[in-house]
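Structure file run-v6.csv; described as CSV, C-alpha atoms.
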chain,number,residue,atom,x,y,z
E,1,MET,CA,-22.6,4.5,-22.0
E,2,ASN,CA,-24.7,4.2,-25.2
E,3,ARG,CA,-22.0,2.3,-27.0
E,4,ILE,CA,-21.8,-0.3,-24.2
E,5,ASP,CA,-25.6,-0.6,-24.2
E,6,GLU,CA,-25.6,-1.2,-28.0
E,7,LEU,CA,-22.9,-3.8,-27.8
E,8,ILE,CA,-24.7,-5.7,-25.0
E,9,LYS,CA,-27.9,-5.7,-27.0
E,10,GLU,CA,-26.0,-6.9,-30.0
E,11,TYR,CA,-23.8,-9.6,-28.5
E,12,CYS,CA,-25.3,-10.6,-25.1
E,13,PRO,CA,-28.9,-9.4,-24.8
E,14,ASP,CA,-29.8,-12.4,-22.5
E,15,GLY,CA,-26.9,-11.9,-20.1
E,16,VAL,CA,-23.3,-13.1,-20.0
E,17,GLU,CA,-21.5,-16.3,-19.0
E,18,ILE,CA,-20.1,-16.7,-15.5
E,19,ARG,CA,-16.9,-18.6,-15.2
E,20,CYS,CA,-14.4,-19.5,-12.5
E,21,LEU,CA,-11.2,-17.4,-12.6
E,22,GLU,CA,-9.1,-20.5,-13.4
E,23,ASP,CA,-11.0,-20.8,-16.7
E,24,CYS,CA,-10.4,-17.2,-17.6
E,25,CYS,CA,-6.6,-17.0,-17.4
E,26,ASN,CA,-3.4,-18.9,-17.0
E,27,LEU,CA,-2.5,-19.3,-13.3
E,28,LEU,CA,1.3,-19.2,-12.7
E,29,ASP,CA,1.5,-19.6,-9.0
E,30,LYS,CA,3.6,-22.8,-9.2
E,31,LYS,CA,6.4,-20.8,-10.8
E,32,ARG,CA,6.6,-18.2,-8.0
E,33,LYS,CA,9.7,-18.4,-5.7
E,34,PRO,CA,10.5,-16.4,-2.6
E,35,ILE,CA,14.1,-15.2,-1.9
E,36,THR,CA,15.0,-14.3,1.7
E,37,LYS,CA,16.4,-10.9,2.2
E,38,ALA,CA,19.8,-12.3,3.0
E,39,PHE,CA,20.1,-14.2,-0.3
E,40,ARG,CA,18.8,-11.4,-2.7
E,41,GLU,CA,21.3,-10.0,-5.0
E,42,ALA,CA,20.6,-6.4,-5.8
E,43,GLY,CA,19.7,-5.6,-9.4
E,44,GLU,CA,17.3,-3.9,-11.8
E,45,TYR,CA,14.3,-6.3,-11.7
E,46,PRO,CA,11.3,-5.6,-9.5
E,47,TYR,CA,10.7,-8.2,-6.7
E,48,TYR,CA,6.9,-8.3,-6.1
E,49,GLY,CA,5.1,-9.3,-3.0
E,50,ALA,CA,1.5,-9.1,-1.8
E,51,ASN,CA,1.3,-5.3,-2.0
E,52,GLY,CA,3.6,-4.4,-4.9
E,53,VAL,CA,7.3,-4.0,-5.3
E,54,GLN,CA,9.3,-5.1,-2.2
E,55,ASP,CA,12.8,-4.9,-3.6
E,56,TYR,CA,14.9,-5.0,-6.8
E,57,VAL,CA,17.0,-8.1,-7.7
E,58,ALA,CA,19.5,-9.3,-10.2
E,59,ASN,CA,17.4,-11.9,-12.0
E,60,TYR,CA,13.8,-12.5,-13.0
E,61,ILE,CA,11.4,-15.5,-13.4
E,62,PHE,CA,8.6,-13.9,-15.4
E,63,ASP,CA,8.7,-11.8,-18.6
E,64,GLY,CA,5.5,-10.4,-20.1
E,65,THR,CA,2.3,-8.7,-18.9
E,66,PHE,CA,0.6,-10.0,-15.8
E,67,VAL,CA,-1.9,-9.3,-13.1
E,68,LEU,CA,-0.9,-9.8,-9.5
E,69,VAL,CA,-3.4,-10.3,-6.7
E,70,GLY,CA,-2.3,-10.2,-3.0
E,71,GLU,CA,-2.4,-13.6,-1.3
E,72,ASP,CA,-1.5,-12.8,2.3
E,73,GLY,CA,-0.6,-9.8,4.4
E,74,SER,CA,-2.8,-6.8,3.6
E,75,VAL,CA,-4.5,-8.6,0.8
E,76,ILE,CA,-7.8,-6.6,0.8
E,77,THR,CA,-8.7,-2.9,0.6
E,78,LYS,CA,-11.0,-1.1,3.0
E,79,SER,CA,-13.9,-2.0,0.6
E,80,GLY,CA,-13.1,-5.7,0.9
E,81,THR,CA,-11.7,-6.1,-2.6
E,82,PRO,CA,-8.4,-7.7,-3.3
E,83,VAL,CA,-5.1,-5.8,-3.8
E,84,VAL,CA,-4.6,-6.0,-7.6
E,85,THR,CA,-1.5,-4.8,-9.5
E,86,TRP,CA,-0.8,-4.5,-13.2
E,87,VAL,CA,2.8,-5.3,-14.2
E,88,LYS,CA,4.8,-5.5,-17.4
E,89,GLY,CA,8.3,-6.6,-18.2
E,90,LYS,CA,10.8,-8.8,-16.4
E,91,ILE,CA,9.9,-9.4,-12.8
E,92,TRP,CA,10.3,-11.7,-9.8
E,93,VAL,CA,7.3,-12.7,-7.8
E,94,ASN,CA,7.4,-14.3,-4.3
E,95,ASN,CA,4.8,-16.6,-2.8
E,96,HIS,CA,2.7,-13.8,-1.3
E,97,ALA,CA,1.0,-12.8,-4.6
E,98,HIS,CA,-1.0,-14.8,-7.1
E,99,ILE,CA,0.1,-14.2,-10.7
E,100,ILE,CA,-2.0,-14.6,-13.8
E,101,GLU,CA,-1.6,-14.1,-17.5
E,102,GLU,CA,-4.0,-13.8,-20.4
E,103,LYS,CA,-5.4,-16.6,-22.4
E,104,ASP,CA,-7.8,-16.6,-25.3
E,105,GLY,CA,-11.3,-15.5,-24.6
E,106,VAL,CA,-10.8,-13.0,-21.8
E,107,ILE,CA,-8.7,-9.8,-22.0
E,108,LEU,CA,-6.2,-9.6,-19.2
E,109,ARG,CA,-6.9,-5.9,-18.7
E,110,TYR,CA,-10.6,-6.7,-18.4
E,111,LEU,CA,-9.7,-9.1,-15.6
E,112,TYR,CA,-7.6,-6.4,-13.9
E,113,HIS,CA,-10.6,-4.1,-13.7
E,114,TYR,CA,-13.1,-6.9,-12.8
E,115,LEU,CA,-11.1,-8.4,-10.0
E,116,GLN,CA,-11.2,-5.0,-8.2
E,117,THR,CA,-15.0,-5.3,-7.9
E,118,ILE,CA,-15.1,-8.7,-6.0
E,119,ASP,CA,-15.6,-8.6,-2.3
E,120,VAL,CA,-13.3,-11.3,-0.9
E,121,THR,CA,-13.8,-10.5,2.8
E,122,SER,CA,-15.6,-13.8,3.5
E,123,LEU,CA,-12.7,-15.7,1.9
E,124,ILE,CA,-9.9,-14.3,4.1
E,125,HIS,CA,-9.0,-16.9,6.8
E,126,GLY,CA,-6.4,-17.5,9.4
E,127,ASN,CA,-4.3,-15.5,11.9
E,128,ILE,CA,-2.5,-14.1,8.9
E,129,PRO,CA,-5.1,-12.9,6.4
E,130,LYS,CA,-4.9,-15.1,3.4
E,131,LEU,CA,-6.7,-15.6,0.1
E,132,THR,CA,-5.8,-19.2,-0.6
E,133,GLY,CA,-5.2,-20.7,-4.0
E,134,GLY,CA,-8.4,-22.7,-4.0
E,135,ASP,CA,-10.6,-19.7,-3.2
E,136,PHE,CA,-8.7,-17.6,-5.7
E,137,LYS,CA,-9.2,-20.0,-8.5
E,138,ALA,CA,-12.9,-20.3,-7.8
E,139,LEU,CA,-13.6,-16.5,-7.9
E,140,LYS,CA,-16.6,-15.9,-10.2
E,141,ILE,CA,-16.0,-13.8,-13.3
E,142,ALA,CA,-18.6,-12.4,-15.6
E,143,VAL,CA,-17.3,-12.9,-19.1
E,144,PRO,CA,-19.1,-10.9,-21.9
E,145,PRO,CA,-18.1,-11.2,-25.5
E,146,LEU,CA,-14.7,-9.7,-26.5
E,147,GLU,CA,-16.3,-6.8,-28.2
E,148,VAL,CA,-17.9,-5.7,-24.9
E,149,GLN,CA,-14.7,-6.4,-23.0
E,150,ARG,CA,-12.7,-4.2,-25.3
E,151,GLU,CA,-15.1,-1.2,-25.0
E,152,ILE,CA,-15.2,-1.5,-21.2
E,153,VAL,CA,-11.5,-1.6,-21.0
E,154,HIS,CA,-11.2,1.4,-23.3
E,155,ILE,CA,-13.6,3.5,-21.1
E,156,LEU,CA,-12.1,2.5,-17.7
E,157,ASP,CA,-8.5,3.0,-18.9
E,158,SER,CA,-9.3,6.5,-19.8
E,159,PHE,CA,-10.1,7.2,-16.2
E,160,THR,CA,-7.1,5.3,-14.8
E,161,LEU,CA,-4.8,7.2,-17.2
E,162,LEU,CA,-5.8,10.6,-15.8
E,163,THR,CA,-5.5,9.4,-12.2
E,164,ALA,CA,-2.1,8.0,-13.0
E,165,GLU,CA,-0.9,11.4,-14.4
E,166,LEU,CA,-2.1,13.2,-11.3
E,167,THR,CA,-0.6,10.7,-9.0
E,168,ALA,CA,2.8,11.0,-10.8
E,169,GLU,CA,2.7,14.7,-10.3
E,170,LEU,CA,2.0,14.3,-6.6
E,171,THR,CA,4.7,11.7,-6.3
E,172,ALA,CA,7.2,14.0,-7.9
E,173,ARG,CA,6.4,16.8,-5.4
E,174,LYS,CA,6.7,14.4,-2.5
E,175,LYS,CA,10.1,13.2,-3.8
E,176,GLN,CA,11.2,16.8,-3.9
E,177,TYR,CA,10.2,17.2,-0.2
E,178,ASN,CA,11.9,13.9,0.8
E,179,PHE,CA,15.2,15.0,-1.0
E,180,TYR,CA,15.2,18.3,0.8
E,181,ARG,CA,14.5,16.7,4.2
E,182,ASP,CA,17.2,14.0,3.7
E,183,THR,CA,19.7,16.7,2.7
E,184,LEU,CA,19.1,18.6,5.9
E,185,ILE,CA,19.3,15.4,8.0
E,186,GLN,CA,22.5,14.3,6.2
E,187,LYS,CA,24.3,17.4,7.5
E,188,GLN,CA,23.6,16.2,11.0
E,189,CYS,CA,24.7,12.7,10.4
E,190,LYS,CA,28.3,13.8,11.3
E,191,SER,CA,27.0,14.4,14.8
E,192,GLU,CA,27.5,11.9,17.6
E,193,LYS,CA,25.4,8.7,17.1
E,194,VAL,CA,23.8,7.0,20.0
E,195,LYS,CA,21.5,4.0,20.4
E,196,LEU,CA,17.9,5.0,20.5
E,197,ASN,CA,17.2,3.2,23.8
E,198,THR,CA,19.7,5.4,25.6
E,199,ILE,CA,17.6,8.6,24.9
E,200,CYS,CA,14.2,7.2,24.4
E,201,LYS,CA,11.9,4.7,26.1
E,202,ILE,CA,10.3,2.2,23.8
E,203,TYR,CA,7.0,0.3,24.3
E,204,ASP,CA,4.5,-1.7,22.2
E,205,GLY,CA,0.8,-2.1,22.5
E,206,THR,CA,-1.5,-4.9,23.5
E,207,HIS,CA,-0.7,-8.3,21.9
E,208,GLN,CA,-4.3,-9.4,22.1
E,209,THR,CA,-7.0,-8.4,19.6
E,210,PRO,CA,-9.4,-6.6,21.9
E,211,LYS,CA,-13.1,-6.8,22.2
E,212,TYR,CA,-14.4,-3.8,20.4
E,213,THR,CA,-17.3,-1.6,21.6
E,214,ASN,CA,-19.5,0.9,19.9
E,215,ASN,CA,-17.9,3.7,21.9
E,216,GLY,CA,-15.4,4.2,24.6
E,217,ILE,CA,-11.6,4.6,24.3
E,218,PRO,CA,-10.3,5.0,20.7
E,219,PHE,CA,-8.2,2.1,19.6
E,220,VAL,CA,-5.5,2.5,16.9
E,221,SER,CA,-3.2,0.2,15.0
E,222,VAL,CA,-0.8,0.5,12.0
E,223,GLU,CA,-3.6,1.5,9.7
E,224,ASN,CA,-4.3,4.6,11.7
E,225,ILE,CA,-0.7,6.1,11.6
E,226,ASP,CA,-1.8,9.0,9.3
E,227,ASP,CA,-4.9,9.9,11.4
E,228,LEU,CA,-4.8,8.6,15.0
E,229,TYR,CA,-7.9,10.3,16.1
E,230,GLY,CA,-10.0,9.3,13.1
E,231,THR,CA,-10.2,5.6,14.2
E,232,GLN,CA,-13.6,4.0,14.2
E,233,LYS,CA,-12.6,1.3,16.7
E,234,PHE,CA,-13.1,1.5,20.4
E,235,ILE,CA,-12.6,-0.5,23.6
E,236,SER,CA,-14.2,-0.2,27.0
E,237,PRO,CA,-12.7,1.9,29.8
E,238,GLU,CA,-12.3,-1.3,31.8
E,239,ALA,CA,-10.1,-2.8,29.1
E,240,TYR,CA,-8.1,0.4,28.8
E,241,ALA,CA,-7.4,0.4,32.5
E,242,LYS,CA,-5.1,-2.5,32.0
E,243,TYR,CA,-2.7,-0.3,29.9
E,244,LYS,CA,0.3,0.6,31.9
E,245,ILE,CA,1.8,2.9,29.4
E,246,ARG,CA,-0.6,5.5,28.0
E,247,PRO,CA,0.2,7.9,25.2
E,248,ARG,CA,0.9,11.6,26.1
E,249,ILE,CA,1.9,14.7,24.2
E,250,GLY,CA,5.3,14.4,22.7
E,251,ASP,CA,5.3,10.6,22.3
E,252,VAL,CA,5.9,9.2,18.8
E,253,PHE,CA,4.0,6.3,17.3
E,254,MET,CA,6.0,4.2,14.8
E,255,THR,CA,4.8,1.4,12.6
E,256,ARG,CA,6.7,-1.8,13.4
E,257,ILE,CA,4.5,-4.7,12.2
E,258,THR,CA,3.1,-4.2,8.7
E,259,ALA,CA,3.0,-5.3,5.1
E,260,GLY,CA,3.6,-1.6,4.3
E,261,ILE,CA,6.3,0.8,5.5
E,262,ILE,CA,8.1,0.1,8.8
E,263,GLY,CA,9.3,3.3,10.5
E,264,LYS,CA,6.4,5.6,9.5
E,265,CYS,CA,5.8,7.9,12.4
E,266,THR,CA,3.3,10.4,13.9
E,267,VAL,CA,3.8,12.7,16.9
E,268,VAL,CA,1.1,12.6,19.6
E,269,ASP,CA,-0.3,16.1,20.0
E,270,ARG,CA,-3.1,15.5,22.5
E,271,ASP,CA,-3.4,14.0,26.0
E,272,ASP,CA,-6.6,12.2,25.1
E,273,ASP,CA,-6.9,8.5,26.0
E,274,LEU,CA,-5.7,6.3,23.2
E,275,ALA,CA,-5.4,2.5,23.2
E,276,TYR,CA,-2.9,0.9,20.7
E,277,TYR,CA,-2.1,-2.4,19.2
E,278,VAL,CA,1.2,-4.3,19.1
E,279,SER,CA,1.7,-3.3,15.4
E,280,LEU,CA,2.7,0.2,16.7
E,281,ALA,CA,5.7,1.1,18.8
E,282,LEU,CA,5.4,3.9,21.3
E,283,LEU,CA,8.6,6.0,21.5
E,284,ARG,CA,8.9,8.4,24.5
E,285,PRO,CA,12.0,10.6,24.0
E,286,ASN,CA,13.9,12.2,26.8
E,287,ALA,CA,12.7,15.7,26.1
E,288,ASP,CA,15.8,17.3,27.5
E,289,ILE,CA,18.0,16.0,24.7
E,290,LEU,CA,15.7,14.7,21.9
E,291,ASP,CA,12.9,16.6,20.1
E,292,SER,CA,9.9,14.4,19.2
E,293,ARG,CA,9.5,15.9,15.7
E,294,TYR,CA,13.3,15.6,15.0
E,295,LEU,CA,13.0,11.9,15.9
E,296,LYS,CA,10.1,11.4,13.5
E,297,TYR,CA,11.9,13.1,10.6
E,298,TYR,CA,15.1,11.3,11.3
E,299,LEU,CA,13.4,7.8,11.3
E,300,GLU,CA,11.5,8.6,8.1
E,301,SER,CA,14.6,9.9,6.3
E,302,SER,CA,16.8,7.7,4.1
E,303,TRP,CA,19.4,7.7,6.9
E,304,GLY,CA,16.9,6.5,9.5
E,305,ARG,CA,15.5,3.9,7.2
E,306,LYS,CA,19.0,2.6,6.6
E,307,GLU,CA,19.4,2.1,10.3
E,308,LEU,CA,16.0,0.5,10.7
E,309,ASN,CA,16.7,-1.9,7.7
E,310,LYS,CA,19.5,-3.5,9.6
E,311,TRP,CA,17.1,-4.8,12.2
E,312,ILE,CA,13.9,-5.5,10.2
E,313,LEU,CA,12.9,-9.1,9.9
E,314,TRP,CA,12.3,-9.1,6.2
E,315,ASP,CA,11.2,-12.7,5.9
E,316,ALA,CA,8.5,-12.5,8.5
E,317,THR,CA,4.9,-12.3,7.4
E,318,PRO,CA,4.0,-9.6,7.8
E,319,THR,CA,7.3,-7.8,7.9
E,320,LYS,CA,8.3,-6.5,11.4
E,321,ILE,CA,11.0,-5.1,13.6
E,322,ASN,CA,11.2,-6.3,17.2
E,323,LYS,CA,10.7,-3.8,20.0
E,324,ASP,CA,14.1,-4.4,21.5
E,325,ASP,CA,15.8,-4.0,18.1
E,326,ILE,CA,14.2,-0.6,17.7
E,327,GLY,CA,16.3,0.4,20.7
E,328,ARG,CA,19.5,-0.7,18.9
E,329,VAL,CA,18.9,1.8,16.0
E,330,LEU,CA,21.6,4.4,15.9
E,331,ILE,CA,20.5,8.1,15.6
E,332,SER,CA,22.5,11.2,15.1
E,333,LEU,CA,22.1,13.5,18.1
E,334,PRO,CA,23.0,17.2,17.5
E,335,PRO,CA,22.3,19.7,20.3
E,336,LEU,CA,18.6,20.2,21.1
E,337,ASP,CA,18.4,23.7,19.8
E,338,THR,CA,19.9,22.5,16.5
E,339,GLN,CA,17.2,19.8,16.3
E,340,LYS,CA,14.5,22.4,16.8
E,341,ARG,CA,15.9,24.7,14.2
E,342,LEU,CA,16.1,21.8,11.7
E,343,VAL,CA,12.5,20.9,12.4
E,344,GLN,CA,11.4,24.4,11.8
E,345,VAL,CA,13.1,24.5,8.4
E,346,ILE,CA,11.7,21.1,7.4
E,347,GLU,CA,8.2,22.0,8.5
E,348,HIS,CA,8.3,25.3,6.7
E,349,PHE,CA,9.3,23.5,3.4
E,350,ASP,CA,6.6,20.9,4.1
E,351,ALA,CA,4.0,23.8,4.4
E,352,ILE,CA,5.1,25.1,1.0
E,353,CYS,CA,4.7,21.7,-0.6
E,354,THR,CA,1.3,21.2,1.1
E,355,SER,CA,0.1,24.5,-0.3
E,356,LEU,CA,1.3,23.5,-3.7
E,357,ASN,CA,-0.3,20.1,-3.4
E,358,ILE,CA,-3.6,21.2,-1.8
E,359,GLY,CA,-5.7,20.5,-4.9
E,360,LEU,CA,-4.0,17.3,-6.1
E,361,PRO,CA,-5.0,14.8,-3.5
E,362,ALA,CA,-8.7,15.9,-3.7
E,363,GLU,CA,-8.6,15.7,-7.5
E,364,ILE,CA,-7.0,12.2,-7.4
E,365,GLU,CA,-9.7,11.1,-4.9
E,366,ALA,CA,-12.5,12.5,-7.1
E,367,ARG,CA,-11.1,10.8,-10.2
E,368,GLN,CA,-10.7,7.5,-8.4
E,369,LYS,CA,-14.3,7.7,-7.2
E,370,GLN,CA,-15.4,8.4,-10.7
E,371,TYR,CA,-13.4,5.4,-12.0
E,372,GLU,CA,-15.0,3.1,-9.3
E,373,TYR,CA,-18.5,4.4,-10.1
E,374,TYR,CA,-18.2,3.6,-13.8
E,375,ARG,CA,-16.2,0.4,-13.2
E,376,ASP,CA,-19.0,-1.0,-10.9
E,377,LEU,CA,-21.7,0.1,-13.3
E,378,LEU,CA,-20.0,-1.3,-16.4
E,379,LEU,CA,-19.1,-4.6,-14.8
E,380,THR,CA,-22.5,-5.4,-13.5
E,381,PHE,CA,-23.9,-8.3,-15.6
E,382,ALA,CA,-26.6,-11.0,-15.2
E,383,GLU,CA,-25.8,-14.6,-15.9
E,384,THR,CA,-26.8,-16.1,-19.3
E,385,GLY,CA,-30.6,-16.6,-19.5
E,386,SER,CA,-31.4,-14.0,-16.8
E,387,THR,CA,-33.6,-11.1,-17.5
E,388,LEU,CA,-32.2,-9.0,-14.6
E,389,VAL,CA,-29.3,-7.4,-16.4
E,390,THR,CA,-31.1,-4.1,-17.1
E,391,ASP,CA,-32.7,-4.0,-13.6
E,392,ARG,CA,-29.4,-4.7,-11.9
E,393,GLN,CA,-27.6,-1.9,-13.8
E,394,THR,CA,-30.5,0.4,-13.1
E,395,ASP,CA,-30.4,-0.4,-9.3
E,396,ARG,CA,-26.7,0.1,-9.2
E,397,GLN,CA,-26.9,3.4,-10.9
E,398,THR,CA,-29.7,4.6,-8.6
E,399,ASP,CA,-27.6,3.6,-5.6
E,400,ARG,CA,-24.6,5.5,-6.9
E,401,GLN,CA,-26.7,8.6,-7.7
E,402,THR,CA,-28.2,8.5,-4.2
E,403,ASP,CA,-24.7,8.4,-2.7
E,404,ARG,CA,-23.5,11.2,-4.8
E,405,GLN,CA,-26.5,13.4,-3.8
E,406,THR,CA,-25.9,12.6,-0.2
E,407,ASP,CA,-22.2,13.5,-0.5
E,408,ARG,CA,-23.1,16.8,-2.3
E,409,ALA,CA,-25.6,17.6,0.5
E,410,GLU,CA,-23.0,17.0,3.2
E,411,ARG,CA,-20.5,19.3,1.4
E,412,ASP,CA,-23.1,22.0,1.1

Just dump the structure as structure tokens.
Amino acid sequence: MNRIDELIKEYCPDGVEIRCLEDCCNLLDKKRKPITKAFREAGEYPYYGANGVQDYVANYIFDGTFVLVGEDGSVITKSGTPVVTWVKGKIWVNNHAHIIEEKDGVILRYLYHYLQTIDVTSLIHGNIPKLTGGDFKALKIAVPPLEVQREIVHILDSFTLLTAELTAELTARKKQYNFYRDTLIQKQCKSEKVKLNTICKIYDGTHQTPKYTNNGIPFVSVENIDDLYGTQKFISPEAYAKYKIRPRIGDVFMTRITAGIIGKCTVVDRDDDLAYYVSLALLRPNADILDSRYLKYYLESSWGRKELNKWILWDATPTKINKDDIGRVLISLPPLDTQKRLVQVIEHFDAICTSLNIGLPAEIEARQKQYEYYRDLLLTFAETGSTLVTDRQTDRQTDRQTDRQTDRAERD
């Protein structure tokens, strides 16, 4: 970091200017335009929403290099920072993402990195989480001289490039698995197709946000689909007593209200008490004719998604599929023993992929933490006239070093 220290001493020894975001870039929100799913014409241009690409359409309204920031839906990460996306080329953006472009004085790539350090938790309001235009424009941005911005961007981009390469490798392996799974499922699509509600009971969770407790019955929602029992939310046993339908081994949870992927599933493998929110559907297959794991793999396959897509309410915010419409989804139903053999083959291949991938997710996570560490360190400034810039950077570095020592101790 010696080069950064030298540049700061040379160009901004007394701190940096703090500006509102609207003074640091060109805001293009007025040019955004949503298109309902029914009126979208399929094409080659990415159609962006709050969390990235939602679709591909036949036309575009922006052409260039931009930064998108989620406006509603899942607009913030677990750390409280906004969802920020870097995009280039011809694109369409709906009204769920703020869009900005560069103007003189502030490098757009610098803004891309800086926006990811701002905790916007206190700015999110309403039943549907929303980062409004007024709050967005007023975000405070530390703006050092261009020479300092360029060096910061150079350093941080070196970290993101390596992470991107590792992520691309992992994505390629996942695509290989998905192709193999879909090919196996496709062979069964010639089987009899039946409505899901004829072979499976379908429920949803509580429609009321519960009163959380420090311990008690674990409570899960769409964000816990990958790790049901890792949830950090709990409700009281008295509140859980009101649940008429409780999960049991062999049930399948499916995401049904989310700004992410609808139709993502996990199979319940414990009889532990588990409370669940309306964003999840609970599917209870007739075990005599439908295997739970086959149901999961079918719904997550391209064939299952094609069926789900017929009933998804794409224009809702967040996107959702109604409980009754899940029951209208058609599913191929080969004999039960065929389903079980198919599951064994898919899971065997999945195990091979997992063994190949075992180091990649950990490496990606480590690189991401490394990027975040240096990003937060490099983007800590004091306002012009303040003498705290060195102290603040030192404090931040000390905190990070303490965290790293704690993590190392826990691993040992």

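Going from CA of Ile18 (chain E) over to CA of Val148 (chain E), you cover 14.6 Å.
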
Open item on the list: Residues within 12 Å of Thr36 (chain E), please, as an NGL selection string. Count all atoms listed in the file; anything in the same chain fewer than 5 positions from it doesn't count.
Closed with: :E and (41 or 47 or 54-55 or 57 or 94-95 or 313-317 or 319)

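Minimum distance to Lys88 (chain E) across E:Val267, E:Ile217, E:Ile100, E:Ala138 (counting all atoms listed in the file) occurs at E:Ile100.
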
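Residue nearest Tyr373 (chain E) within the list E:Leu184, E:Leu299, E:Cys200, E:Leu156: E:Leu156 [criterion: smallest interatomic distance, all atoms listed in the file].
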
Task: Pick from E:Ala42, E:Leu68, E:Ile199, E:Leu379, whichever lies nearest to Leu295 (chain E) using only C-alpha atoms - done: E:Ile199

Task: Distance query region 326-333 of chain E at most 8 Å, only C-alpha atoms, self and fewer than 4 positions along chain excluded, as a ChimeraX atom specification - done: /E:188-198,202,290,298,304,307-308,311,321-322

Open item on the list: What does the structure give for the distance between CA of Thr163 (chain E) and CA of Tyr371 (chain E), in Å to one decimal?
Closed with: 8.9 Å

Task: Nearest to Tyr294 (chain E), chosen from E:Leu228, E:Gly134, E:Lys340, E:Thr255, with only C-alpha atoms counted in the distances - done: E:Lys340

- [ ] May I ask for the distance between CA of Gly263 (chain E) and CA of Ser302 (chain E), given in Å to one decimal place?
- [x] 10.8 Å

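With all atoms listed in the file as the basis for measurement, E:Lys211 is the residue among E:Lys264, E:Lys296, E:Arg3, E:Lys211 that approaches Tyr240 (chain E) most closely.
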
Open item on the list: Would you pick out the contacts of region 23-28 of chain E at 6 Å or less, using all atoms listed in the file, so that residues sharing its chain but fewer than 3 positions from it are not included, and give the list as a ChimeraX atom specification?
Closed with: /E:20,31,99-103,106

Will you model N, CA, C and O atoms for region 341-352 of chain E and pass it back as a PDB file, in the coordinates of the input?
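What follows is the written file out-v2.pdb:
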ATOM      1  N   ARG E 341      15.742  23.883  15.343  1.00  0.00           N
ATOM      2  CA  ARG E 341      15.900  24.700  14.200  1.00  0.00           C
ATOM      3  C   ARG E 341      15.690  23.907  12.884  1.00  0.00           C
ATOM      4  O   ARG E 341      15.044  24.350  11.926  1.00  0.00           O
ATOM      5  N   LEU E 342      16.247  22.703  12.893  1.00  0.00           N
ATOM      6  CA  LEU E 342      16.100  21.800  11.700  1.00  0.00           C
ATOM      7  C   LEU E 342      14.648  21.464  11.503  1.00  0.00           C
ATOM      8  O   LEU E 342      14.167  21.468  10.362  1.00  0.00           O
ATOM      9  N   VAL E 343      13.922  21.177  12.557  1.00  0.00           N
ATOM     10  CA  VAL E 343      12.500  20.900  12.400  1.00  0.00           C
ATOM     11  C   VAL E 343      11.731  22.041  11.865  1.00  0.00           C
ATOM     12  O   VAL E 343      10.858  21.873  10.998  1.00  0.00           O
ATOM     13  N   GLN E 344      12.042  23.255  12.295  1.00  0.00           N
ATOM     14  CA  GLN E 344      11.400  24.400  11.800  1.00  0.00           C
ATOM     15  C   GLN E 344      11.563  24.593  10.282  1.00  0.00           C
ATOM     16  O   GLN E 344      10.623  24.906   9.543  1.00  0.00           O
ATOM     17  N   VAL E 345      12.788  24.370   9.823  1.00  0.00           N
ATOM     18  CA  VAL E 345      13.100  24.500   8.400  1.00  0.00           C
ATOM     19  C   VAL E 345      12.336  23.433   7.602  1.00  0.00           C
ATOM     20  O   VAL E 345      11.727  23.714   6.568  1.00  0.00           O
ATOM     21  N   ILE E 346      12.358  22.169   8.085  1.00  0.00           N
ATOM     22  CA  ILE E 346      11.700  21.100   7.400  1.00  0.00           C
ATOM     23  C   ILE E 346      10.182  21.339   7.322  1.00  0.00           C
ATOM     24  O   ILE E 346       9.545  21.166   6.273  1.00  0.00           O
ATOM     25  N   GLU E 347       9.598  21.770   8.426  1.00  0.00           N
ATOM     26  CA  GLU E 347       8.200  22.000   8.500  1.00  0.00           C
ATOM     27  C   GLU E 347       7.746  23.197   7.624  1.00  0.00           C
ATOM     28  O   GLU E 347       6.648  23.224   7.062  1.00  0.00           O
ATOM     29  N   HIS E 348       8.630  24.189   7.531  1.00  0.00           N
ATOM     30  CA  HIS E 348       8.300  25.300   6.700  1.00  0.00           C
ATOM     31  C   HIS E 348       8.294  24.871   5.208  1.00  0.00           C
ATOM     32  O   HIS E 348       7.382  25.235   4.458  1.00  0.00           O
ATOM     33  N   PHE E 349       9.260  24.051   4.810  1.00  0.00           N
ATOM     34  CA  PHE E 349       9.300  23.500   3.400  1.00  0.00           C
ATOM     35  C   PHE E 349       8.084  22.618   3.201  1.00  0.00           C
ATOM     36  O   PHE E 349       7.476  22.642   2.129  1.00  0.00           O
ATOM     37  N   ASP E 350       7.737  21.830   4.211  1.00  0.00           N
ATOM     38  CA  ASP E 350       6.600  20.900   4.100  1.00  0.00           C
ATOM     39  C   ASP E 350       5.304  21.756   3.890  1.00  0.00           C
ATOM     40  O   ASP E 350       4.426  21.383   3.100  1.00  0.00           O
ATOM     41  N   ALA E 351       5.203  22.904   4.570  1.00  0.00           N
ATOM     42  CA  ALA E 351       4.000  23.800   4.400  1.00  0.00           C
ATOM     43  C   ALA E 351       3.924  24.306   3.003  1.00  0.00           C
ATOM     44  O   ALA E 351       2.835  24.399   2.423  1.00  0.00           O
ATOM     45  N   ILE E 352       5.079  24.645   2.419  1.00  0.00           N
ATOM     46  CA  ILE E 352       5.100  25.100   1.000  1.00  0.00           C
ATOM     47  C   ILE E 352       4.607  24.038   0.096  1.00  0.00           C
ATOM     48  O   ILE E 352       3.783  24.268  -0.795  1.00  0.00           O
TER      49      ILE E 352
END
